[in-house]
Number of protein chains: 2
Amino acid sequence: MEEIRIIEVKQSVFEDNNKDANELREKLKAEKTCLINLMSSPGSGKTTTLKALAKELSGKINWAVMEADIDSAVDAEAMVEAGVPSIQIHTGGMCHLDADMTRQGLSQLDTEKFDLVVLENVGNLVCPAEFDTGASKNVTILSVPEGDDKPLKYPLMYETCDLLVINKVDVMDYFDFSLEKVTEYAKMRNPEIEIICISAKTGEGIPELAKWVLETVKNWNN
Amino acid sequence: MEEIRIIEVKQSVFEDNNKDANELREKLKAEKTCLINLMSSPGSGKTTTLKALAKELSGKINWAVMEADIDSAVDAEAMVEAGVPSIQIHTGGMCHLDADMTRQGLSQLDTEKFDLVVLENVGNLVCPAEFDTGASKNVTILSVPEGDDKPLKYPLMYETCDLLVINKVDVMDYFDFSLEKVTEYAKMRNPEIEIICISAKTGEGIPELAKWVLETVKNWNN
């Protein structure tokens with residue numbers, strides 16, 4: 001297997017994160033590269049969802065993935081196996097990525113070659129929501145086993161996200177999870193949030209998610 | 001229903017967290033109160049596990065729960081319904097509790113009345129592991145749907161925990177989760193870590209977990 005590039009990024013000391021984020025967004029806009037910041041709890045299925053998207057997006061778009069983790073390269077390895085150019089960022093123990101760390105990572109990808117880069121953030125519902133990474137859109141995944149009360153407990157994550165992907169709907173029958181409740185709670189945090197239900201495992205809902213991604217990229221380039 | 005007390009705690013500015021943690025541990029030792037710091041991803045089943053323990057520990061021990069969340073009081077409400085004295089801490093957006101925040105919360109419980117207080121930390125595998133809360137023991141829950149690779153990605157959580165509880169084993173057949181792998185990865189991070197498998201939903205493994213809790217409390221008082 002191709003060796004995974006691992007990039008160690010460091011939090012900048014003299015940071016003005018909002019300024020950094022806006023500069024990065026403008027640079028990516030000029031390159032016609034859309035950046036999607038994908039966030040969730042650990043184990044919600046971020047990488048499995050991206051692998052499912054890889055099949056659906058194949059031939060329709062040039063895209064790459066930047067995986068962020070504290071340790072290991074298992075996610076970047078999985079994406080390369082799925083045929084998507086990927087790099088692994090290690091955050092040096094940090095619980096989130098800020099805009100400058102995102103920039104450091106992206107500098108190791110030829111971003112201008114890609115229509116889309118997905119940043120798979122550190123699995124964490126708290127800290128990643130506090131830092132604008134410079135992304136064009138923020139997406140969060142909530143998996144059915146986690147429960148429908150998460151928007152009550154992690155308000156900022158839902159306030160900052162444009163799209164809520166509800167994953168693992170194939171196991172809905174085994175868990176006490178109400179789509180109606182989670183929709184109510186998520187819209188309470190963010191009335192504009194879009195919601196798409198998927199099972200990254202069975203493929204259910206993946207065409208709809210791929211359509212959302214393609215439209216987001218198209219809108220970014222207009 | 002009894003009204004839940006919600007306590008807003010603030011991170012101390014002039015902090016020496018290790019010193020604060022040791023002072024709190026000594027105070028609790030003198031009071032013969034054991035403090036267990038319970039950590040996990042969002043939705044791993046911390047509260048459901050504590051509710052299952054409530055039945056098993058009933059009449060055997062005096063215990064209370066201190067729930068920490070950024071927002072909502074749903075967990076403390078659930079514990080009071082289960083008959084366990086509980087308070088809800090709000091962290092003001094913070095992703096973890098430090099020792100002084102723990103002390104502020106505990107000061108609202110008559111800790112000397114209890115053999116055990118369980119602190120249910122903010123759902124997060126990164127930041128809570130970085131701060132000694134003053135607890136006697138650290139416990140983490142990993143639920144089967146999250147996957148067996150979590151010790152690879154979140155090393156510090158596994159290094160700092162005395163016990164790993166593997167929850168939701170009742171849905172093992174629906175997920176690609178290897179007990180052998182997770183044991184290998186967890187022991188790689190911490191060779192001393194103990195592992196107990198449970199289903200908080202069906203009650204499987206709860207007697208074993210209750211036994212661990214009772215022994216931990218007993219050892220703390222000796």
# chains A, B, ... in the order shown; residues from 1 in each chain; ligands from 1
call {"tool": "interface_residues", "arguments": {"of": "chain A", "to": "chain B", "cutoff": "7 Å", "atoms": "only C-alpha atoms", "output": "ChimeraX atom specification"}}
result
/A:41-44,69-72,95,124,126-127,145-147,152-154
call {"tool": "write_last_selection", "arguments": {"atoms": "N, CA and C atoms", "output": "short mmCIF file (atom, residue, chain, number, x, y, z; two decimals), in the first residue's frame"}}
result
data_model
loop_
_atom_site.label_atom_id
_atom_site.label_comp_id
_atom_site.auth_asym_id
_atom_site.auth_seq_id
_atom_site.Cartn_x
_atom_site.Cartn_y
_atom_site.Cartn_z
N SER A 41 -18.68 13.04 17.02
CA SER A 41 -18.12 12.28 18.14
C SER A 41 -17.15 11.24 17.58
N PRO A 42 -16.28 10.69 18.43
CA PRO A 42 -15.51 9.53 17.99
C PRO A 42 -16.45 8.38 17.63
N GLY A 43 -16.19 7.75 16.50
CA GLY A 43 -16.94 6.54 16.16
C GLY A 43 -18.32 6.75 15.56
N SER A 44 -18.61 7.98 15.10
CA SER A 44 -19.92 8.22 14.47
C SER A 44 -19.95 7.74 13.02
N ASP A 69 -6.02 13.51 13.40
CA ASP A 69 -6.12 12.66 14.59
C ASP A 69 -4.98 13.02 15.52
N ILE A 70 -5.12 12.61 16.78
CA ILE A 70 -4.05 12.79 17.73
C ILE A 70 -2.95 11.78 17.46
N ASP A 71 -3.35 10.57 17.11
CA ASP A 71 -2.38 9.53 16.81
C ASP A 71 -2.98 8.59 15.77
N SER A 72 -2.15 7.73 15.22
CA SER A 72 -2.51 6.69 14.23
C SER A 72 -2.74 7.30 12.84
N CYS A 95 -7.13 18.94 20.64
CA CYS A 95 -8.47 18.39 20.55
C CYS A 95 -9.27 18.96 19.37
N ASN A 124 -14.81 14.81 18.24
CA ASN A 124 -15.01 15.63 19.44
C ASN A 124 -16.16 16.58 19.13
N VAL A 126 -17.09 19.12 21.08
CA VAL A 126 -16.99 20.39 21.79
C VAL A 126 -16.02 21.34 21.07
N CYS A 127 -14.74 21.05 21.17
CA CYS A 127 -13.72 22.01 20.78
C CYS A 127 -13.70 22.33 19.27
N PRO A 145 -26.76 5.23 17.45
CA PRO A 145 -26.48 4.71 18.80
C PRO A 145 -26.12 5.78 19.83
N GLU A 146 -25.70 6.97 19.38
CA GLU A 146 -25.34 8.04 20.33
C GLU A 146 -26.55 8.66 21.03
N GLY A 147 -27.72 8.51 20.43
CA GLY A 147 -28.92 9.06 21.05
C GLY A 147 -29.35 10.39 20.46
N LEU A 152 -29.07 18.86 22.49
CA LEU A 152 -29.33 19.52 23.78
C LEU A 152 -28.04 19.73 24.54
N LYS A 153 -27.10 18.77 24.41
CA LYS A 153 -25.90 18.80 25.23
C LYS A 153 -24.72 19.53 24.59
N TYR A 154 -24.70 19.58 23.27
CA TYR A 154 -23.56 20.17 22.54
C TYR A 154 -24.07 21.26 21.60
#
call {"tool": "select_by_dssp", "arguments": {"residues": "segment 21-143 of chain A", "states": "alpha helix (DSSP H)", "output": "compact mmCIF listing (two decimals) with N, CA and C atoms, in the first residue's frame"}}
result
# COMPACT_ATOMS: atom_id res chain seq x y z
N ALA A 21 -8.76 32.27 9.30
CA ALA A 21 -9.81 31.48 8.65
C ALA A 21 -10.32 32.20 7.40
N ASN A 22 -10.52 33.51 7.51
CA ASN A 22 -11.04 34.26 6.36
C ASN A 22 -10.01 34.30 5.22
N GLU A 23 -8.72 34.43 5.60
CA GLU A 23 -7.67 34.44 4.56
C GLU A 23 -7.61 33.09 3.84
N LEU A 24 -7.71 32.01 4.62
CA LEU A 24 -7.67 30.67 4.01
C LEU A 24 -8.87 30.47 3.09
N ARG A 25 -10.05 30.93 3.55
CA ARG A 25 -11.26 30.78 2.74
C ARG A 25 -11.15 31.53 1.42
N GLU A 26 -10.57 32.74 1.48
CA GLU A 26 -10.39 33.52 0.25
C GLU A 26 -9.42 32.86 -0.71
N LYS A 27 -8.32 32.31 -0.16
CA LYS A 27 -7.33 31.61 -0.99
C LYS A 27 -7.99 30.41 -1.69
N LEU A 28 -8.78 29.66 -0.94
CA LEU A 28 -9.42 28.47 -1.51
C LEU A 28 -10.49 28.88 -2.53
N LYS A 29 -11.15 29.97 -2.27
CA LYS A 29 -12.16 30.49 -3.21
C LYS A 29 -11.49 30.82 -4.55
N ALA A 30 -10.32 31.48 -4.46
CA ALA A 30 -9.58 31.87 -5.67
C ALA A 30 -9.11 30.63 -6.43
N LYS A 46 -17.38 8.93 10.44
CA LYS A 46 -16.91 9.93 9.49
C LYS A 46 -16.18 9.26 8.31
N THR A 47 -15.22 8.39 8.65
CA THR A 47 -14.41 7.78 7.60
C THR A 47 -15.25 6.81 6.77
N THR A 48 -16.12 6.05 7.40
CA THR A 48 -16.98 5.11 6.67
C THR A 48 -17.90 5.87 5.71
N THR A 49 -18.38 7.03 6.15
CA THR A 49 -19.22 7.86 5.28
C THR A 49 -18.42 8.36 4.08
N LEU A 50 -17.18 8.78 4.32
CA LEU A 50 -16.34 9.27 3.21
C LEU A 50 -16.02 8.12 2.23
N LYS A 51 -15.81 6.93 2.78
CA LYS A 51 -15.56 5.77 1.90
C LYS A 51 -16.79 5.47 1.04
N ALA A 52 -17.97 5.58 1.64
CA ALA A 52 -19.21 5.35 0.88
C ALA A 52 -19.38 6.43 -0.20
N LEU A 53 -19.00 7.67 0.14
CA LEU A 53 -19.09 8.78 -0.83
C LEU A 53 -18.10 8.58 -1.97
N ALA A 54 -16.96 7.94 -1.68
CA ALA A 54 -15.92 7.76 -2.70
C ALA A 54 -16.47 7.04 -3.92
N LYS A 55 -17.28 6.01 -3.67
CA LYS A 55 -17.89 5.27 -4.80
C LYS A 55 -18.86 6.17 -5.56
N GLU A 56 -19.68 6.87 -4.81
CA GLU A 56 -20.75 7.68 -5.41
C GLU A 56 -20.19 8.89 -6.17
N LEU A 57 -19.08 9.44 -5.71
CA LEU A 57 -18.52 10.65 -6.33
C LEU A 57 -17.50 10.32 -7.43
N VAL A 74 -4.87 5.32 10.69
CA VAL A 74 -5.82 4.33 10.18
C VAL A 74 -6.85 4.94 9.24
N ASP A 75 -7.24 6.19 9.48
CA ASP A 75 -8.27 6.78 8.64
C ASP A 75 -7.72 7.15 7.25
N ALA A 76 -6.53 7.73 7.22
CA ALA A 76 -5.94 8.08 5.92
C ALA A 76 -5.66 6.81 5.11
N GLU A 77 -5.23 5.77 5.78
CA GLU A 77 -4.99 4.49 5.09
C GLU A 77 -6.29 3.97 4.47
N ALA A 78 -7.38 4.08 5.24
CA ALA A 78 -8.69 3.61 4.74
C ALA A 78 -9.11 4.41 3.50
N MET A 79 -8.86 5.72 3.51
CA MET A 79 -9.29 6.55 2.37
C MET A 79 -8.45 6.28 1.13
N VAL A 80 -7.14 6.07 1.33
CA VAL A 80 -6.27 5.75 0.18
C VAL A 80 -6.70 4.42 -0.43
N GLU A 81 -7.02 3.47 0.44
CA GLU A 81 -7.55 2.18 -0.05
C GLU A 81 -8.81 2.38 -0.87
N ALA A 99 -7.60 27.42 12.14
CA ALA A 99 -7.41 27.74 10.72
C ALA A 99 -5.95 27.62 10.31
N ASP A 100 -5.03 27.99 11.19
CA ASP A 100 -3.62 27.91 10.80
C ASP A 100 -3.14 26.46 10.71
N MET A 101 -3.62 25.62 11.62
CA MET A 101 -3.28 24.19 11.54
C MET A 101 -3.85 23.59 10.25
N THR A 102 -5.07 24.01 9.90
CA THR A 102 -5.69 23.54 8.65
C THR A 102 -4.85 23.98 7.46
N ARG A 103 -4.39 25.25 7.49
CA ARG A 103 -3.55 25.77 6.41
C ARG A 103 -2.25 24.97 6.29
N GLN A 104 -1.63 24.69 7.46
CA GLN A 104 -0.38 23.90 7.44
C GLN A 104 -0.60 22.53 6.78
N GLY A 105 -1.70 21.91 7.11
CA GLY A 105 -2.00 20.60 6.53
C GLY A 105 -2.27 20.70 5.03
N LEU A 106 -3.12 21.70 4.65
CA LEU A 106 -3.49 21.85 3.23
C LEU A 106 -2.30 22.18 2.36
call {"tool": "select_by_dssp", "arguments": {"residues": "segment 52-174 of chain A", "states": "strand (DSSP E)", "output": "list in words"}}
result
Trp63, Ala64, Val65, Met66, Glu67, Ala68, Asp69, Ser86, Ile87, Gln88, Ile89, His90, Leu116, Val117, Val118, Leu119, Glu120, Lys137, Asn138, Val139, Thr140, Ile141, Leu142, Ser143, Leu163, Leu164, Val165, Ile166 and Asn167 of chain A
call {"tool": "residues_around", "arguments": {"residues": "Ala186 of chain B", "least_positions_apart": "3", "cutoff": "10 Å", "atoms": "only C-alpha atoms", "output": "PyMOL selection string"}}
result
chain B and resi 148-152+155+157-159+161+164+181-183+189-195
call {"tool": "residues_around", "arguments": {"residues": "Arg5 of chain B", "least_positions_apart": "2", "cutoff": "7 Å", "atoms": "only C-alpha atoms", "output": "list in words"}}
result
Glu3, Ile7, Ile87 and Gln88 of chain B
call {"tool": "atom_distance", "arguments": {"atom1": "atom CA of Ala210 of chain A", "atom2": "atom CA of Ile4 of chain A"}}
result
25.6 Å
call {"tool": "atom_distance", "arguments": {"atom1": "atom CA of Thr140 of chain B", "atom2": "atom CA of Met66 of chain B"}}
result
15.9 Å
call {"tool": "closest_residue", "arguments": {"among": "A:Met39, A:Leu97, A:Leu116, A:Ala82", "to": "Val217 of chain A", "atoms": "only C-alpha atoms"}}
result
A:Leu116
call {"tool": "atom_distance", "arguments": {"atom1": "atom CA of Asn222 of chain B", "atom2": "atom CA of Thr133 of chain B"}}
result
21.4 Å
call {"tool": "residues_around", "arguments": {"residues": "Lys218 of chain A", "least_positions_apart": "3", "cutoff": "12 Å", "atoms": "only C-alpha atoms", "output": "VMD selection string"}}
result
chain A and resid 29 32 to 34 60 to 61 115 to 116 136 211 to 215 221 to 222
call {"tool": "write_last_selection", "arguments": {"atoms": "N, CA and C atoms", "output": "PDB file, in the first residue's frame"}}
result
ATOM      1  N   LYS A  29     -11.151  29.973  -2.271  1.00  0.00           N
ATOM      2  CA  LYS A  29     -12.156  30.487  -3.209  1.00  0.00           C
ATOM      3  C   LYS A  29     -11.487  30.821  -4.545  1.00  0.00           C
ATOM      4  N   LYS A  32     -10.751  27.887  -6.533  1.00  0.00           N
ATOM      5  CA  LYS A  32     -11.961  27.098  -6.814  1.00  0.00           C
ATOM      6  C   LYS A  32     -11.923  25.737  -6.114  1.00  0.00           C
ATOM      7  N   THR A  33     -11.426  25.752  -4.876  1.00  0.00           N
ATOM      8  CA  THR A  33     -11.406  24.529  -4.061  1.00  0.00           C
ATOM      9  C   THR A  33     -12.346  24.712  -2.878  1.00  0.00           C
ATOM     10  N   CYS A  34     -13.322  23.825  -2.795  1.00  0.00           N
ATOM     11  CA  CYS A  34     -14.282  23.871  -1.692  1.00  0.00           C
ATOM     12  C   CYS A  34     -13.716  23.043  -0.533  1.00  0.00           C
ATOM     13  N   LYS A  60     -17.009  12.038 -10.890  1.00  0.00           N
ATOM     14  CA  LYS A  60     -17.837  13.256 -10.943  1.00  0.00           C
ATOM     15  C   LYS A  60     -17.106  14.477 -10.426  1.00  0.00           C
ATOM     16  N   ILE A  61     -16.001  14.261  -9.710  1.00  0.00           N
ATOM     17  CA  ILE A  61     -15.350  15.355  -8.996  1.00  0.00           C
ATOM     18  C   ILE A  61     -13.933  14.924  -8.622  1.00  0.00           C
ATOM     19  N   ASP A 115     -11.340  19.965  -6.660  1.00  0.00           N
ATOM     20  CA  ASP A 115     -12.586  20.730  -6.541  1.00  0.00           C
ATOM     21  C   ASP A 115     -13.027  20.777  -5.081  1.00  0.00           C
ATOM     22  N   LEU A 116     -12.644  19.732  -4.350  1.00  0.00           N
ATOM     23  CA  LEU A 116     -13.129  19.581  -2.981  1.00  0.00           C
ATOM     24  C   LEU A 116     -12.054  18.934  -2.125  1.00  0.00           C
ATOM     25  N   SER A 136     -15.550  26.051   3.792  1.00  0.00           N
ATOM     26  CA  SER A 136     -16.689  26.633   3.085  1.00  0.00           C
ATOM     27  C   SER A 136     -17.980  26.226   3.786  1.00  0.00           C
ATOM     28  N   LYS A 211     -25.294  14.180  -3.664  1.00  0.00           N
ATOM     29  CA  LYS A 211     -25.950  15.286  -4.385  1.00  0.00           C
ATOM     30  C   LYS A 211     -25.721  16.604  -3.624  1.00  0.00           C
ATOM     31  N   TRP A 212     -25.858  16.547  -2.311  1.00  0.00           N
ATOM     32  CA  TRP A 212     -25.627  17.740  -1.477  1.00  0.00           C
ATOM     33  C   TRP A 212     -24.180  18.219  -1.644  1.00  0.00           C
ATOM     34  N   VAL A 213     -23.237  17.284  -1.641  1.00  0.00           N
ATOM     35  CA  VAL A 213     -21.816  17.624  -1.780  1.00  0.00           C
ATOM     36  C   VAL A 213     -21.561  18.274  -3.145  1.00  0.00           C
ATOM     37  N   LEU A 214     -22.099  17.666  -4.201  1.00  0.00           N
ATOM     38  CA  LEU A 214     -21.864  18.190  -5.561  1.00  0.00           C
ATOM     39  C   LEU A 214     -22.466  19.591  -5.711  1.00  0.00           C
ATOM     40  N   GLU A 215     -23.643  19.790  -5.139  1.00  0.00           N
ATOM     41  CA  GLU A 215     -24.272  21.134  -5.209  1.00  0.00           C
ATOM     42  C   GLU A 215     -23.481  22.162  -4.398  1.00  0.00           C
ATOM     43  N   ASN A 221     -18.167  27.432  -6.476  1.00  0.00           N
ATOM     44  CA  ASN A 221     -17.418  27.869  -7.665  1.00  0.00           C
ATOM     45  C   ASN A 221     -18.170  28.913  -8.489  1.00  0.00           C
ATOM     46  N   ASN A 222     -19.390  29.249  -8.067  1.00  0.00           N
ATOM     47  CA  ASN A 222     -20.154  30.258  -8.823  1.00  0.00           C
ATOM     48  C   ASN A 222     -20.004  31.641  -8.211  1.00  0.00           C
TER      49      ASN A 222
END
call {"tool": "decode", "arguments": {"residues": "segment 137-195 of chain A", "atoms": "C-alpha atoms", "output": "PDB file, in the first residue's frame"}}
result
ATOM      1  CA  LYS A 137     -19.238  24.466   4.925  1.00  0.00           C
ATOM      2  CA  ASN A 138     -19.429  22.677   8.278  1.00  0.00           C
ATOM      3  CA  VAL A 139     -21.011  19.250   8.513  1.00  0.00           C
ATOM      4  CA  THR A 140     -21.635  17.103  11.583  1.00  0.00           C
ATOM      5  CA  ILE A 141     -22.505  13.435  11.777  1.00  0.00           C
ATOM      6  CA  LEU A 142     -24.669  12.041  14.570  1.00  0.00           C
ATOM      7  CA  SER A 143     -24.987   8.267  14.652  1.00  0.00           C
ATOM      8  CA  VAL A 144     -28.158   6.619  15.902  1.00  0.00           C
ATOM      9  CA  PRO A 145     -26.477   4.713  18.802  1.00  0.00           C
ATOM     10  CA  GLU A 146     -25.345   8.044  20.325  1.00  0.00           C
ATOM     11  CA  GLY A 147     -28.919   9.058  21.052  1.00  0.00           C
ATOM     12  CA  ASP A 148     -31.216  11.850  19.957  1.00  0.00           C
ATOM     13  CA  ASP A 149     -30.365  14.226  22.823  1.00  0.00           C
ATOM     14  CA  LYS A 150     -26.980  15.359  21.505  1.00  0.00           C
ATOM     15  CA  PRO A 151     -28.152  18.789  20.219  1.00  0.00           C
ATOM     16  CA  LEU A 152     -29.335  19.517  23.777  1.00  0.00           C
ATOM     17  CA  LYS A 153     -25.895  18.803  25.233  1.00  0.00           C
ATOM     18  CA  TYR A 154     -23.562  20.167  22.545  1.00  0.00           C
ATOM     19  CA  PRO A 155     -25.289  23.349  21.355  1.00  0.00           C
ATOM     20  CA  LEU A 156     -22.408  25.034  19.507  1.00  0.00           C
ATOM     21  CA  MET A 157     -21.755  22.046  17.221  1.00  0.00           C
ATOM     22  CA  TYR A 158     -25.318  22.256  15.932  1.00  0.00           C
ATOM     23  CA  GLU A 159     -25.304  26.057  15.747  1.00  0.00           C
ATOM     24  CA  THR A 160     -22.216  26.089  13.520  1.00  0.00           C
ATOM     25  CA  CYS A 161     -23.130  23.269  11.135  1.00  0.00           C
ATOM     26  CA  ASP A 162     -24.850  23.676   7.777  1.00  0.00           C
ATOM     27  CA  LEU A 163     -25.695  19.987   7.478  1.00  0.00           C
ATOM     28  CA  LEU A 164     -26.507  17.271  10.008  1.00  0.00           C
ATOM     29  CA  VAL A 165     -25.936  13.755   8.682  1.00  0.00           C
ATOM     30  CA  ILE A 166     -27.712  11.094  10.727  1.00  0.00           C
ATOM     31  CA  ASN A 167     -25.725   7.881  10.255  1.00  0.00           C
ATOM     32  CA  LYS A 168     -26.311   4.203  11.129  1.00  0.00           C
ATOM     33  CA  VAL A 169     -30.042   4.403  10.401  1.00  0.00           C
ATOM     34  CA  ASP A 170     -29.825   0.676   9.563  1.00  0.00           C
ATOM     35  CA  VAL A 171     -29.702  -0.085  13.317  1.00  0.00           C
ATOM     36  CA  MET A 172     -32.550   2.283  14.226  1.00  0.00           C
ATOM     37  CA  ASP A 173     -34.675  -0.641  15.477  1.00  0.00           C
ATOM     38  CA  TYR A 174     -32.112  -1.576  18.140  1.00  0.00           C
ATOM     39  CA  PHE A 175     -31.863   1.853  19.746  1.00  0.00           C
ATOM     40  CA  ASP A 176     -34.217   4.280  21.378  1.00  0.00           C
ATOM     41  CA  PHE A 177     -33.762   7.096  18.855  1.00  0.00           C
ATOM     42  CA  SER A 178     -36.450   9.475  17.617  1.00  0.00           C
ATOM     43  CA  LEU A 179     -35.912  11.217  14.276  1.00  0.00           C
ATOM     44  CA  GLU A 180     -38.674  13.604  15.211  1.00  0.00           C
ATOM     45  CA  LYS A 181     -36.979  14.589  18.490  1.00  0.00           C
ATOM     46  CA  VAL A 182     -33.499  15.003  17.027  1.00  0.00           C
ATOM     47  CA  THR A 183     -34.937  17.169  14.239  1.00  0.00           C
ATOM     48  CA  GLU A 184     -36.735  19.323  16.801  1.00  0.00           C
ATOM     49  CA  TYR A 185     -33.605  19.691  18.984  1.00  0.00           C
ATOM     50  CA  ALA A 186     -31.274  20.388  16.043  1.00  0.00           C
ATOM     51  CA  LYS A 187     -33.625  23.019  14.561  1.00  0.00           C
ATOM     52  CA  MET A 188     -33.899  24.583  18.023  1.00  0.00           C
ATOM     53  CA  ARG A 189     -30.117  25.164  17.849  1.00  0.00           C
ATOM     54  CA  ASN A 190     -30.106  26.114  14.177  1.00  0.00           C
ATOM     55  CA  PRO A 191     -33.358  26.617  12.260  1.00  0.00           C
ATOM     56  CA  GLU A 192     -31.442  26.589   8.924  1.00  0.00           C
ATOM     57  CA  ILE A 193     -29.711  23.224   9.440  1.00  0.00           C
ATOM     58  CA  GLU A 194     -30.276  20.648   6.704  1.00  0.00           C
ATOM     59  CA  ILE A 195     -30.669  16.979   7.684  1.00  0.00           C
TER      60      ILE A 195
END
